[in-house]
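Q: Provided below: model-v3.tsv, containing TSV, C-alpha atoms.
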chain	number	residue	atom	x	y	z
B	230	MET	CA	-11.97	-0.84	-4.45
B	231	ASP	CA	-9.19	-2.96	-5.99
B	232	LEU	CA	-6.33	-2.18	-8.37
B	233	VAL	CA	-8.19	-3.17	-11.53
B	234	GLU	CA	-11.08	-0.89	-10.63
B	235	ALA	CA	-8.66	1.94	-9.86
B	236	GLY	CA	-6.92	1.53	-13.20
B	237	ALA	CA	-10.22	1.50	-15.07
B	238	ARG	CA	-11.41	4.64	-13.32
B	239	TRP	CA	-8.28	6.82	-13.34
B	240	GLY	CA	-5.95	5.28	-15.92
B	241	THR	CA	-2.23	4.61	-15.60
B	242	PRO	CA	0.44	5.17	-14.55
B	243	LEU	CA	-1.13	5.65	-11.15
B	244	TYR	CA	0.04	5.36	-7.56
B	245	VAL	CA	-2.59	3.52	-5.52
B	246	LEU	CA	-2.54	4.10	-1.76
B	247	ASP	CA	-4.26	1.49	0.42
B	248	THR	CA	-5.35	3.45	3.49
B	249	ASP	CA	-6.57	0.34	5.31
B	250	ARG	CA	-3.11	-1.19	5.08
B	251	LEU	CA	-1.53	2.09	6.19
B	252	ARG	CA	-3.60	2.14	9.37
B	253	ALA	CA	-2.77	-1.50	10.07
B	254	ASN	CA	0.96	-0.85	9.59
B	255	LEU	CA	0.90	2.15	11.92
B	256	ASP	CA	-0.97	0.29	14.63
B	257	GLY	CA	1.19	-2.83	14.35
B	258	LEU	CA	4.43	-0.89	14.56
B	259	ALA	CA	3.18	1.10	17.55
B	260	ARG	CA	2.42	-2.14	19.38
B	261	ALA	CA	5.84	-3.57	18.49
B	262	VAL	CA	7.80	-0.65	19.97
B	263	ALA	CA	5.54	0.35	22.88
B	264	PRO	CA	6.12	2.30	25.08
B	265	ASP	CA	8.76	3.98	22.92
B	266	ARG	CA	7.83	7.03	20.85
B	267	LEU	CA	7.47	6.92	17.05
B	268	LEU	CA	8.38	9.70	14.65
B	269	TYR	CA	7.30	9.24	11.04
B	270	SER	CA	9.99	10.22	8.51
B	271	LEU	CA	8.23	12.83	6.38
B	272	LYS	CA	10.70	12.62	3.49
B	273	THR	CA	9.59	9.04	2.86
B	274	ASN	CA	6.13	10.09	1.71
B	275	TYR	CA	4.68	13.52	2.45
B	276	LEU	CA	1.25	13.01	0.87
B	277	PRO	CA	-1.41	14.69	3.03
B	278	ALA	CA	-3.51	11.54	2.62
B	279	VAL	CA	-0.68	9.70	4.42
B	280	THR	CA	0.33	12.27	7.02
B	281	GLU	CA	-3.24	12.85	8.16
B	282	ILE	CA	-3.57	9.19	9.10
B	283	VAL	CA	-0.09	9.15	10.66
B	284	ARG	CA	-1.02	12.11	12.87
B	285	GLU	CA	-4.38	10.58	13.81
B	286	ARG	CA	-2.55	7.45	14.95
B	287	GLY	CA	-0.53	9.48	17.46
B	288	TYR	CA	2.84	9.51	15.72
B	289	GLY	CA	5.22	12.44	15.78
B	290	VAL	CA	7.17	13.43	12.68
B	291	ASP	CA	10.80	13.77	11.64
B	292	VAL	CA	11.61	16.58	9.16
B	293	VAL	CA	14.88	17.45	7.45
B	294	SER	CA	14.30	20.83	5.79
B	295	GLY	CA	12.43	24.07	6.17
B	296	TYR	CA	9.73	23.16	3.69
B	297	GLU	CA	9.21	19.79	5.37
B	298	LEU	CA	8.87	21.66	8.67
B	299	ARG	CA	6.21	23.88	7.15
B	300	ALA	CA	4.49	20.83	5.62
B	301	ALA	CA	4.41	19.10	9.02
B	302	LEU	CA	2.90	22.15	10.71
B	303	ARG	CA	0.39	22.53	7.88
B	304	ALA	CA	-0.54	18.85	8.31
B	305	GLY	CA	-1.52	19.59	11.91
B	306	PHE	CA	1.42	18.10	13.80
B	307	ARG	CA	2.04	19.96	17.06
B	308	PRO	CA	5.49	21.60	17.33
B	309	GLU	CA	6.31	19.40	20.32
B	310	ASP	CA	5.70	16.35	18.11
B	311	ILE	CA	8.16	17.47	15.41
B	312	VAL	CA	11.91	16.80	15.39
B	313	PHE	CA	14.17	18.69	12.97
B	314	ASN	CA	17.08	16.59	11.64
B	315	GLY	CA	19.25	16.83	8.56
B	316	PRO	CA	22.89	17.56	7.66
B	317	VAL	CA	22.28	21.14	6.50
B	318	LYS	CA	19.98	23.63	8.20
B	319	THR	CA	19.96	27.30	7.28
B	320	GLU	CA	19.80	30.02	9.88
B	321	ASP	CA	16.28	30.91	8.74
B	322	GLU	CA	15.21	27.28	9.16
B	323	LEU	CA	16.77	27.02	12.61
B	324	ARG	CA	15.14	30.25	13.70
B	325	ALA	CA	11.74	29.13	12.41
B	326	ALA	CA	12.06	25.75	14.15
B	327	THR	CA	13.08	27.16	17.52
B	328	ASP	CA	10.52	29.99	17.31
B	329	ALA	CA	7.85	27.33	16.85
B	330	GLY	CA	9.14	25.16	19.70
B	331	VAL	CA	10.44	22.34	17.47
B	332	PHE	CA	13.27	20.19	18.84
B	333	VAL	CA	16.50	20.37	16.79
B	334	ASN	CA	19.15	17.67	16.51
B	335	ILE	CA	22.43	19.45	15.80
B	336	ASP	CA	24.47	18.14	12.91
B	337	GLY	CA	26.91	20.91	11.87
B	338	GLU	CA	29.14	22.92	14.19
B	339	GLN	CA	27.74	26.19	12.87
B	340	GLU	CA	24.36	25.17	14.25
B	341	ILE	CA	25.88	25.33	17.75
B	342	ASP	CA	27.10	28.85	17.11
B	343	PHE	CA	23.78	30.05	15.75
B	344	LEU	CA	21.50	28.40	18.30
B	345	GLY	CA	23.80	29.38	21.15
B	346	GLY	CA	23.63	32.98	20.05
B	347	LEU	CA	19.85	33.33	19.91
B	348	GLY	CA	19.77	34.83	23.39
B	349	ARG	CA	17.22	32.40	24.80
B	350	PRO	CA	17.30	28.86	26.26
B	351	VAL	CA	17.19	26.11	23.61
B	352	GLU	CA	17.06	22.36	24.21
B	353	VAL	CA	18.92	20.40	21.53
B	354	GLY	CA	20.15	16.99	20.50
B	355	LEU	CA	23.34	15.87	18.73
B	356	ARG	CA	23.55	13.40	15.86
B	357	VAL	CA	26.31	10.75	16.06
B	358	PHE	CA	27.23	7.48	14.39
B	359	PRO	CA	29.23	4.40	15.43
B	360	PRO	CA	32.04	2.92	13.32
B	361	GLN	CA	30.30	-0.34	12.35
B	362	ASP	CA	28.91	-1.22	8.93
B	363	VAL	CA	25.31	-2.31	9.63
B	364	TYR	CA	24.96	-3.78	6.13
B	365	ALA	CA	27.83	-6.23	6.56
B	366	GLY	CA	25.73	-9.10	7.95
B	367	ALA	CA	25.92	-10.63	11.40
B	368	PRO	CA	28.25	-9.38	14.15
B	369	PRO	CA	31.13	-8.96	14.63
B	370	LEU	CA	30.83	-6.09	12.17
B	371	PRO	CA	33.67	-4.57	10.19
B	372	LYS	CA	34.32	-0.85	10.20
B	373	ARG	CA	32.29	1.07	7.63
B	374	ALA	CA	34.25	1.79	4.48
B	375	THR	CA	33.52	5.53	4.40
B	376	PRO	CA	32.44	7.94	7.13
B	377	SER	CA	28.87	9.16	7.15
B	378	LYS	CA	28.05	12.71	6.13
B	379	PHE	CA	25.38	12.67	8.84
B	380	GLY	CA	26.36	13.64	12.37
B	381	TRP	CA	29.65	12.89	14.07
B	382	PRO	CA	31.72	9.74	14.64
B	383	LEU	CA	31.72	8.71	18.26
B	384	ALA	CA	35.46	9.33	18.31
B	385	ASP	CA	34.83	13.04	17.59
B	386	ALA	CA	31.49	13.48	19.35
B	387	ASP	CA	32.90	14.30	22.80
B	388	ARG	CA	34.30	17.52	21.37
B	389	LEU	CA	30.85	18.49	20.06
B	390	VAL	CA	29.27	17.70	23.44
B	391	ARG	CA	31.74	20.04	25.12
B	392	ALA	CA	31.08	22.77	22.54
B	393	ILE	CA	27.33	22.58	23.17
B	394	ARG	CA	27.70	22.55	26.95
B	395	GLN	CA	29.97	25.56	26.85
B	396	ARG	CA	27.02	27.59	25.55
B	397	PRO	CA	25.02	28.73	28.61
B	398	SER	CA	21.76	28.98	26.64
B	399	LEU	CA	21.95	25.46	25.17
B	400	ARG	CA	20.88	22.32	27.00
B	401	LEU	CA	21.95	19.02	25.46
B	402	ARG	CA	18.98	16.74	26.10
B	403	GLY	CA	19.17	14.22	23.30
B	404	ILE	CA	21.35	12.03	21.12
B	405	HIS	CA	20.27	10.99	17.63
B	406	CYS	CA	21.61	8.06	15.59
B	407	HIS	CA	20.05	6.93	12.30
B	408	LEU	CA	22.18	4.44	10.37
B	409	GLY	CA	20.54	3.93	6.99
B	410	SER	CA	17.58	2.57	5.05
B	411	GLN	CA	16.41	-0.99	4.39
B	412	ILE	CA	18.58	-2.49	7.12
B	413	THR	CA	17.71	-6.19	7.24
B	414	SER	CA	19.78	-7.55	10.14
B	415	VAL	CA	18.47	-6.85	13.63
B	416	PRO	CA	21.67	-8.24	15.27
B	417	ALA	CA	23.83	-5.97	13.12
B	418	LEU	CA	21.81	-2.85	13.91
B	419	LEU	CA	21.74	-3.73	17.60
B	420	ALA	CA	25.51	-4.22	17.70
B	421	ALA	CA	26.03	-0.72	16.32
B	422	LEU	CA	23.40	0.88	18.56
B	423	GLU	CA	24.84	-0.81	21.65
B	424	GLU	CA	28.08	1.08	21.09
B	425	VAL	CA	26.14	4.34	20.86
B	426	ILE	CA	24.21	3.53	24.04
B	427	ALA	CA	27.41	2.79	25.94
B	428	TRP	CA	28.85	6.12	24.78
B	429	VAL	CA	25.67	7.96	25.85
B	430	ALA	CA	26.05	6.51	29.35
B	431	GLY	CA	29.45	8.13	29.57
B	432	VAL	CA	28.17	11.50	28.33
B	433	GLY	CA	25.61	11.78	31.14
B	434	GLY	CA	22.66	14.14	31.39
B	435	ILE	CA	20.84	12.67	28.35
B	436	ASP	CA	17.13	11.91	28.76
B	437	LEU	CA	16.11	11.52	25.09
B	438	LEU	CA	17.61	8.94	22.75
B	439	ASN	CA	16.50	8.82	19.10
B	440	LEU	CA	17.77	5.53	17.65
B	441	GLY	CA	16.59	6.16	14.09
B	442	GLY	CA	14.80	3.83	11.71
B	443	GLY	CA	15.82	2.03	8.55
B	444	PHE	CA	13.78	-1.07	9.46
B	445	GLY	CA	13.97	-3.40	6.46
B	446	VAL	CA	10.78	-4.43	4.67
B	447	PRO	CA	10.24	-7.89	3.15
B	448	GLY	CA	8.93	-6.63	-0.22
B	449	ILE	CA	12.28	-5.19	-1.36
B	450	GLN	CA	15.60	-6.97	-1.76
B	451	ARG	CA	18.75	-5.12	-2.72
B	452	ILE	CA	21.59	-6.69	-4.67
B	453	LYS	CA	24.67	-5.98	-2.58
B	454	GLY	CA	27.38	-4.22	-4.55
B	455	ALA	CA	25.34	-4.02	-7.76
B	456	VAL	CA	26.35	-1.32	-10.21
B	457	ALA	CA	24.49	0.48	-12.95
B	458	GLY	CA	25.64	-1.90	-15.69
B	459	LEU	CA	22.85	-4.31	-16.58
B	460	SER	CA	25.17	-7.22	-17.33
B	461	GLU	CA	26.65	-7.22	-13.82
B	462	VAL	CA	23.20	-7.08	-12.25
B	463	ARG	CA	21.86	-9.85	-14.48
B	464	ALA	CA	24.61	-12.15	-13.27
B	465	ALA	CA	23.54	-11.51	-9.68
B	466	THR	CA	19.78	-11.89	-10.00
B	467	GLY	CA	19.45	-15.65	-10.28
B	468	GLY	CA	20.26	-16.97	-6.84
B	469	LEU	CA	19.89	-14.28	-4.23
B	470	PRO	CA	19.85	-15.71	-0.70
B	471	PRO	CA	16.67	-15.30	1.32
B	472	GLN	CA	16.44	-11.99	3.14
B	473	PRO	CA	16.37	-11.99	6.96
B	474	VAL	CA	13.07	-11.02	8.56
B	475	PHE	CA	13.45	-7.70	10.36
B	476	ASP	CA	11.45	-7.80	13.59
B	477	PRO	CA	11.07	-4.33	15.21
B	478	ALA	CA	9.99	-5.91	18.50
B	479	GLU	CA	13.26	-7.87	18.63
B	480	LEU	CA	15.20	-4.68	17.99
B	481	VAL	CA	13.38	-2.75	20.70
B	482	ALA	CA	13.83	-5.56	23.23
B	483	GLY	CA	17.56	-5.64	22.52
B	484	ALA	CA	17.84	-1.87	22.82
B	485	ARG	CA	15.99	-1.90	26.15
B	486	LYS	CA	18.40	-4.51	27.50
B	487	ALA	CA	21.38	-2.42	26.38
B	488	LEU	CA	19.88	0.65	28.04
B	489	ALA	CA	19.31	-1.23	31.30
B	490	ASP	CA	22.84	-2.66	31.21
B	491	ASN	CA	24.19	0.90	30.92
B	492	GLY	CA	22.00	2.45	33.62
B	493	LEU	CA	19.79	4.28	31.12
B	494	SER	CA	16.42	2.62	31.71
B	495	GLY	CA	14.76	5.98	32.36
B	496	VAL	CA	15.74	7.53	29.02
B	497	GLN	CA	12.90	8.22	26.58
B	498	VAL	CA	13.53	6.34	23.33
B	499	CYS	CA	12.34	7.40	19.87
B	500	TRP	CA	12.36	5.49	16.59
B	501	GLU	CA	11.81	7.14	13.22
B	502	PRO	CA	10.50	4.64	10.66
B	503	GLY	CA	9.44	5.72	7.20
B	504	ARG	CA	9.74	2.88	4.70
B	505	ARG	CA	8.40	0.37	7.24
B	506	VAL	CA	5.24	2.46	7.56
B	507	VAL	CA	4.41	3.10	3.91
B	508	SER	CA	6.37	0.73	1.64
B	509	ASP	CA	3.65	-1.84	1.02
B	510	THR	CA	0.77	0.66	1.26
B	511	VAL	CA	1.33	2.01	-2.27
B	512	THR	CA	1.37	0.18	-5.58
B	513	LEU	CA	2.59	1.76	-8.80
B	514	LEU	CA	-0.07	0.62	-11.27
B	515	THR	CA	1.12	0.53	-14.87
B	516	THR	CA	-0.02	-0.67	-18.28
B	517	VAL	CA	2.06	-2.71	-20.73
B	518	ALA	CA	2.83	-0.32	-23.59
B	519	THR	CA	4.75	-2.67	-25.86
B	520	VAL	CA	6.29	-6.16	-25.97
B	521	LYS	CA	9.52	-6.67	-27.93
B	522	ARG	CA	10.35	-10.32	-28.54
B	523	THR	CA	13.96	-10.73	-29.66
B	524	GLY	CA	16.40	-13.60	-29.94
B	525	GLU	CA	18.16	-12.42	-26.78
B	526	GLY	CA	15.03	-12.15	-24.67
B	527	THR	CA	11.72	-10.31	-24.51
B	528	TRP	CA	11.30	-6.77	-23.27
B	529	VAL	CA	8.04	-5.77	-21.64
B	530	LEU	CA	7.87	-1.96	-21.49
B	531	LEU	CA	5.45	-0.23	-19.14
B	532	ASP	CA	3.93	3.26	-19.24
B	533	GLY	CA	5.52	4.11	-15.85
B	534	GLY	CA	9.22	3.90	-15.07
B	535	LEU	CA	11.95	4.96	-12.71
B	536	ASN	CA	10.84	8.58	-13.02
B	537	LEU	CA	8.01	7.51	-10.69
B	538	LEU	CA	9.98	5.12	-8.45
B	539	PRO	CA	13.61	6.30	-8.60
B	540	THR	CA	14.90	4.01	-5.85
B	541	ALA	CA	13.75	0.90	-7.70
B	542	GLY	CA	15.53	-0.71	-10.64
B	543	VAL	CA	17.59	-3.77	-11.32
B	544	ALA	CA	19.65	-3.41	-8.13
B	545	GLU	CA	16.54	-3.32	-5.92
B	546	ARG	CA	14.18	-6.22	-6.47
B	547	HIS	CA	10.47	-5.52	-6.07
B	548	ARG	CA	7.54	-7.81	-6.77
B	549	TYR	CA	5.94	-7.34	-10.17
B	550	GLU	CA	2.48	-8.73	-10.72
B	551	ALA	CA	0.44	-8.91	-13.90
B	552	LEU	CA	-3.18	-8.48	-12.87
B	553	ARG	CA	-4.22	-10.98	-15.55
B	554	GLN	CA	-3.17	-14.39	-14.22
B	555	ASP	CA	-4.68	-16.73	-16.82
B	556	ALA	CA	-1.52	-18.12	-18.43
B	557	PRO	CA	1.74	-19.82	-17.35
B	558	GLN	CA	4.53	-17.44	-16.40
B	559	GLN	CA	7.97	-16.91	-17.83
B	560	SER	CA	10.88	-14.54	-17.26
B	561	PHE	CA	10.98	-11.16	-19.01
B	562	PHE	CA	13.10	-8.05	-19.12
B	563	LEU	CA	10.89	-5.36	-17.59
B	564	GLY	CA	11.47	-1.67	-18.32
B	565	GLY	CA	9.78	1.69	-18.28
B	566	PRO	CA	9.03	4.24	-21.02
B	567	LEU	CA	11.93	6.64	-20.49
B	568	CYS	CA	14.51	7.45	-23.15
B	569	TYR	CA	17.20	6.34	-20.73
B	570	GLU	CA	19.04	3.01	-20.76
B	571	GLY	CA	18.89	2.67	-16.99
B	572	ASP	CA	15.07	2.75	-16.89
B	573	VAL	CA	14.88	-0.97	-16.13
B	574	PHE	CA	12.91	-2.57	-13.30
B	575	SER	CA	14.03	-6.17	-13.65
B	576	LEU	CA	15.89	-8.63	-15.87
B	577	ASP	CA	13.93	-11.65	-14.63
B	578	ALA	CA	10.36	-10.52	-13.94
B	579	LEU	CA	7.85	-13.38	-13.95
B	580	LEU	CA	4.82	-12.46	-16.05
B	581	PRO	CA	2.27	-14.38	-18.16
B	582	GLU	CA	3.97	-15.91	-21.19
B	583	ASP	CA	1.40	-14.26	-23.48
B	584	ILE	CA	1.74	-10.80	-21.88
B	585	ARG	CA	0.43	-8.17	-24.27
B	586	PRO	CA	-0.10	-4.43	-24.60
B	587	GLY	CA	-2.95	-3.21	-22.41
B	588	ASP	CA	-2.30	-5.65	-19.57
B	589	LEU	CA	-2.04	-4.10	-16.12
B	590	VAL	CA	1.19	-4.67	-14.17
B	591	ALA	CA	1.51	-3.75	-10.48
B	592	VAL	CA	4.87	-2.65	-9.08
B	593	HIS	CA	4.55	-3.42	-5.38
B	594	ASP	CA	6.20	-1.65	-2.43
B	595	ALA	CA	6.07	1.78	-4.05
B	596	GLY	CA	5.13	3.77	-0.95
B	597	ALA	CA	8.59	4.98	0.06
B	598	TYR	CA	10.61	7.58	-1.84
B	599	SER	CA	8.25	7.54	-4.80
B	600	VAL	CA	6.04	10.64	-4.79
B	601	THR	CA	8.71	12.54	-2.83
B	602	ARG	CA	11.51	11.64	-5.27
B	603	ALA	CA	9.64	11.37	-8.58
B	604	THR	CA	10.79	13.56	-11.46
B	605	SER	CA	9.30	14.93	-14.67
B	606	PHE	CA	12.11	13.47	-16.78
B	607	ASN	CA	10.46	12.64	-20.15
B	608	ARG	CA	7.00	12.35	-18.60
B	609	PRO	CA	4.91	14.18	-15.99
B	610	ARG	CA	4.49	12.78	-12.49
B	611	ALA	CA	1.53	10.48	-11.86
B	612	ALA	CA	-1.63	10.94	-9.83
B	613	VAL	CA	-2.34	9.17	-6.54
B	614	ALA	CA	-5.60	7.40	-5.73
B	615	ALA	CA	-6.45	6.50	-2.13
B	616	ILE	CA	-8.51	3.31	-1.87
B	617	SER	CA	-10.02	1.29	0.94
B	618	ALA	CA	-12.66	-1.36	1.45
B	619	ASP	CA	-15.23	1.46	1.25
B	620	GLY	CA	-14.20	2.87	-2.13
B	621	GLY	CA	-11.63	5.29	-3.46
B	622	GLN	CA	-10.85	8.79	-4.65
B	623	LEU	CA	-8.01	10.77	-6.18
B	624	CYS	CA	-5.98	12.44	-3.44
B	625	TRP	CA	-3.16	13.90	-5.58
B	626	ARG	CA	-3.65	14.93	-9.20
B	627	ALA	CA	-1.25	14.13	-12.01
B	628	GLU	CA	1.29	16.73	-13.02
B	629	ARG	CA	0.47	18.77	-16.13
B	630	ASP	CA	2.70	20.40	-18.72
B	631	GLU	CA	1.82	23.80	-17.34
B	632	ASP	CA	3.00	22.71	-13.88
B	633	ILE	CA	6.43	21.93	-15.26
B	634	PHE	CA	6.80	25.12	-17.26
B	635	ARG	CA	5.31	27.49	-14.70
B	636	PHE	CA	8.82	28.32	-13.53
B	637	GLU	CA	9.30	30.28	-16.74
B	638	ASP	CA	7.22	33.03	-15.13
B	639	VAL	CA	9.84	34.85	-13.04
B	640	ARG	CA	7.76	37.95	-12.30
Could I get this structure in the form of structure tokens?

A:
Amino acid sequence: MDLVEAGARWGTPLYVLDTDRLRANLDGLARAVAPDRLLYSLKTNYLPAVTEIVRERGYGVDVVSGYELRAALRAGFRPEDIVFNGPVKTEDELRAATDAGVFVNIDGEQEIDFLGGLGRPVEVGLRVFPPQDVYAGAPPLPKRATPSKFGWPLADADRLVRAIRQRPSLRLRGIHCHLGSQITSVPALLAALEEVIAWVAGVGGIDLLNLGGGFGVPGIQRIKGAVAGLSEVRAATGGLPPQPVFDPAELVAGARKALADNGLSGVQVCWEPGRRVVSDTVTLLTTVATVKRTGEGTWVLLDGGLNLLPTAGVAERHRYEALRQDAPQQSFFLGGPLCYEGDVFSLDALLPEDIRPGDLVAVHDAGAYSVTRATSFNRPRAAVAAISADGGQLCWRAERDEDIFRFEDVR
């Protein structure tokens, strides 16, 4: 089944999940990082239609809240294949995770106190971060402008290591370091991770190293430093430099060398990709609702907007494709249906010059942080159709008015 068939059958706006592409992505990434372990980031896309395939492909899963933990268990992931991360974990969540046998990476100091007081042995990890800015380009990297809210700077982490090791019931097995999303420079990420690896060698006693994810995808390009104002973004859209190709195999090879150089060849390494797995597996399929031709430019407004893909917008370039390609293309302003000035996908989208209401427009790379971050602002959330070479079916229904207002019932 293709996108046009999906739109005709289920209408728009509609998320369309290509399960064949998902399987290919999972298998290709597993080959690129072998023999390292892979943990899928559940927050990226928690659709059961996605997580079932992820689990079948042998991945573990990274969760960051109690309800994500429950979702992972409900999806059939074994407790030993789940890792619990996140900057805030309640005592109930920590108890549920450890009761189930789920590995916890400590972030806050109070987690040490709680886990150390459970009265039973608990193996844990500690989240840290190096000082470098991995988005700054090629090494040498400047210091990041602001500290991360996740984990602990390496300069402070020794104190946390001592605090954990002073608890007789806690065993510090792992170190976790995840440095962001849509990182496009392998050399920059490696430079930062090498500092973490060198620090881990000095800590000693670590046999599990989770080096995070954030692997950049080619279908999205962010405008560095862009702000919400459309005029500033418009000035930046014309001549963006080509984006580096992020090669996971190159990253893994570099990390292995750094581990060997620091006497850590025997440490088990984990990576936790999310966007790299699902970004190009989902398309947000929309219909042109109206075309407004003005002296300052032409607006093409779609029936799906940033309520369905909140991380998109003028500061994050996606590929927009009209599914009717029978006319020359020209540049348009492309926006969604929301009563909100910021609901703008692009200020230079190339579409057929005679684009008209009823035409289908695909917003590509909609698999990450779409369903999980969509809102019902102005309009209900959209359905999801799962398609493959063999056909297709709805796997997630559209939100209804009664879904939104059910919270009125407080009995």

Q: Do you know which residues are at most 6 Å from Arg356 of chain B counting only C-alpha atoms, after dropping those on the same chain fewer than 3 positions away, and could you put them as a compact mmCIF listing (two decimals) with C-alpha atoms, in the frame of the given file?

A:
# COMPACT_ATOMS: atom_id res chain seq x y z
CA ASP B 336 24.47 18.14 12.91
CA GLY B 380 26.36 13.64 12.37
CA ILE B 404 21.35 12.03 21.12
CA HIS B 405 20.27 10.99 17.63
CA CYS B 406 21.61 8.06 15.59

Q: With only C-alpha atoms as the atoms that count, which of B:Leu370, B:Val600, B:Val245, B:Leu355 lies nearest to Val432 of chain B?

A: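 Under the stated criterion, the closest residue is B:Leu355.
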
Q: How would you write as number ranges by chain the residues that get within 6 Å of (15.1, -0.4, 4.3) in the file's frame, counting all atoms listed in the file?

A: B: 410-412, 443-446

Q: Could you tell me how far atom CA of Phe562 of chain B sits from atom CA of Ala578 of chain B, in Å to one decimal place?

A: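 So the two atoms, atom CA of Ala578 of chain B and atom CA of Phe562 of chain B, lie 6.4 Å apart.
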
Q: Using only C-alpha atoms for the distances, tell me which of B:Glu297, B:Asp247, B:Asp532, B:Glu550 is nearest to Asp572 of chain B.

A: B:Asp532

Q: Can you tell me which residues surround Ile393 of chain B at a distance of at most 8 Å, considering all atoms listed in the file, apart from same-chain residues fewer than 5 positions away, and format the answer as a PDB file with C-alpha atoms, keeping the file's coordinate frame?

A:
ATOM      1  CA  ILE B 341      25.880  25.330  17.750  1.00  0.00           C
ATOM      2  CA  GLY B 345      23.800  29.380  21.150  1.00  0.00           C
ATOM      3  CA  LEU B 399      21.950  25.460  25.170  1.00  0.00           C
ATOM      4  CA  ARG B 400      20.880  22.320  27.000  1.00  0.00           C
ATOM      5  CA  LEU B 401      21.950  19.020  25.460  1.00  0.00           C
TER       6      LEU B 401
END

Q: B:Gly495, B:Pro368, B:Ala263, B:Gly441: which is nearest Ala482 of chain B, counting all atoms listed in the file?

A: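 Closest to Ala482 of chain B, using all atoms listed in the file: B:Ala263.
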
Q: Using all atoms listed in the file, which protein or nucleic acid residues come within 10 Å of Ala618 of chain B? Drop anything in the same chain fewer than 3 positions from it, and give the result as a ChimeraX atom specification.

A: /B:230-231,247-249,621

Q: Fewer than 6 positions away in the same chain doesn't count, so skip those; otherwise give me all residues within 8 Å of Val333 of chain B, counting only C-alpha atoms, as a ChimeraX atom specification.

A: /B:312-314,323,326-327,352-354
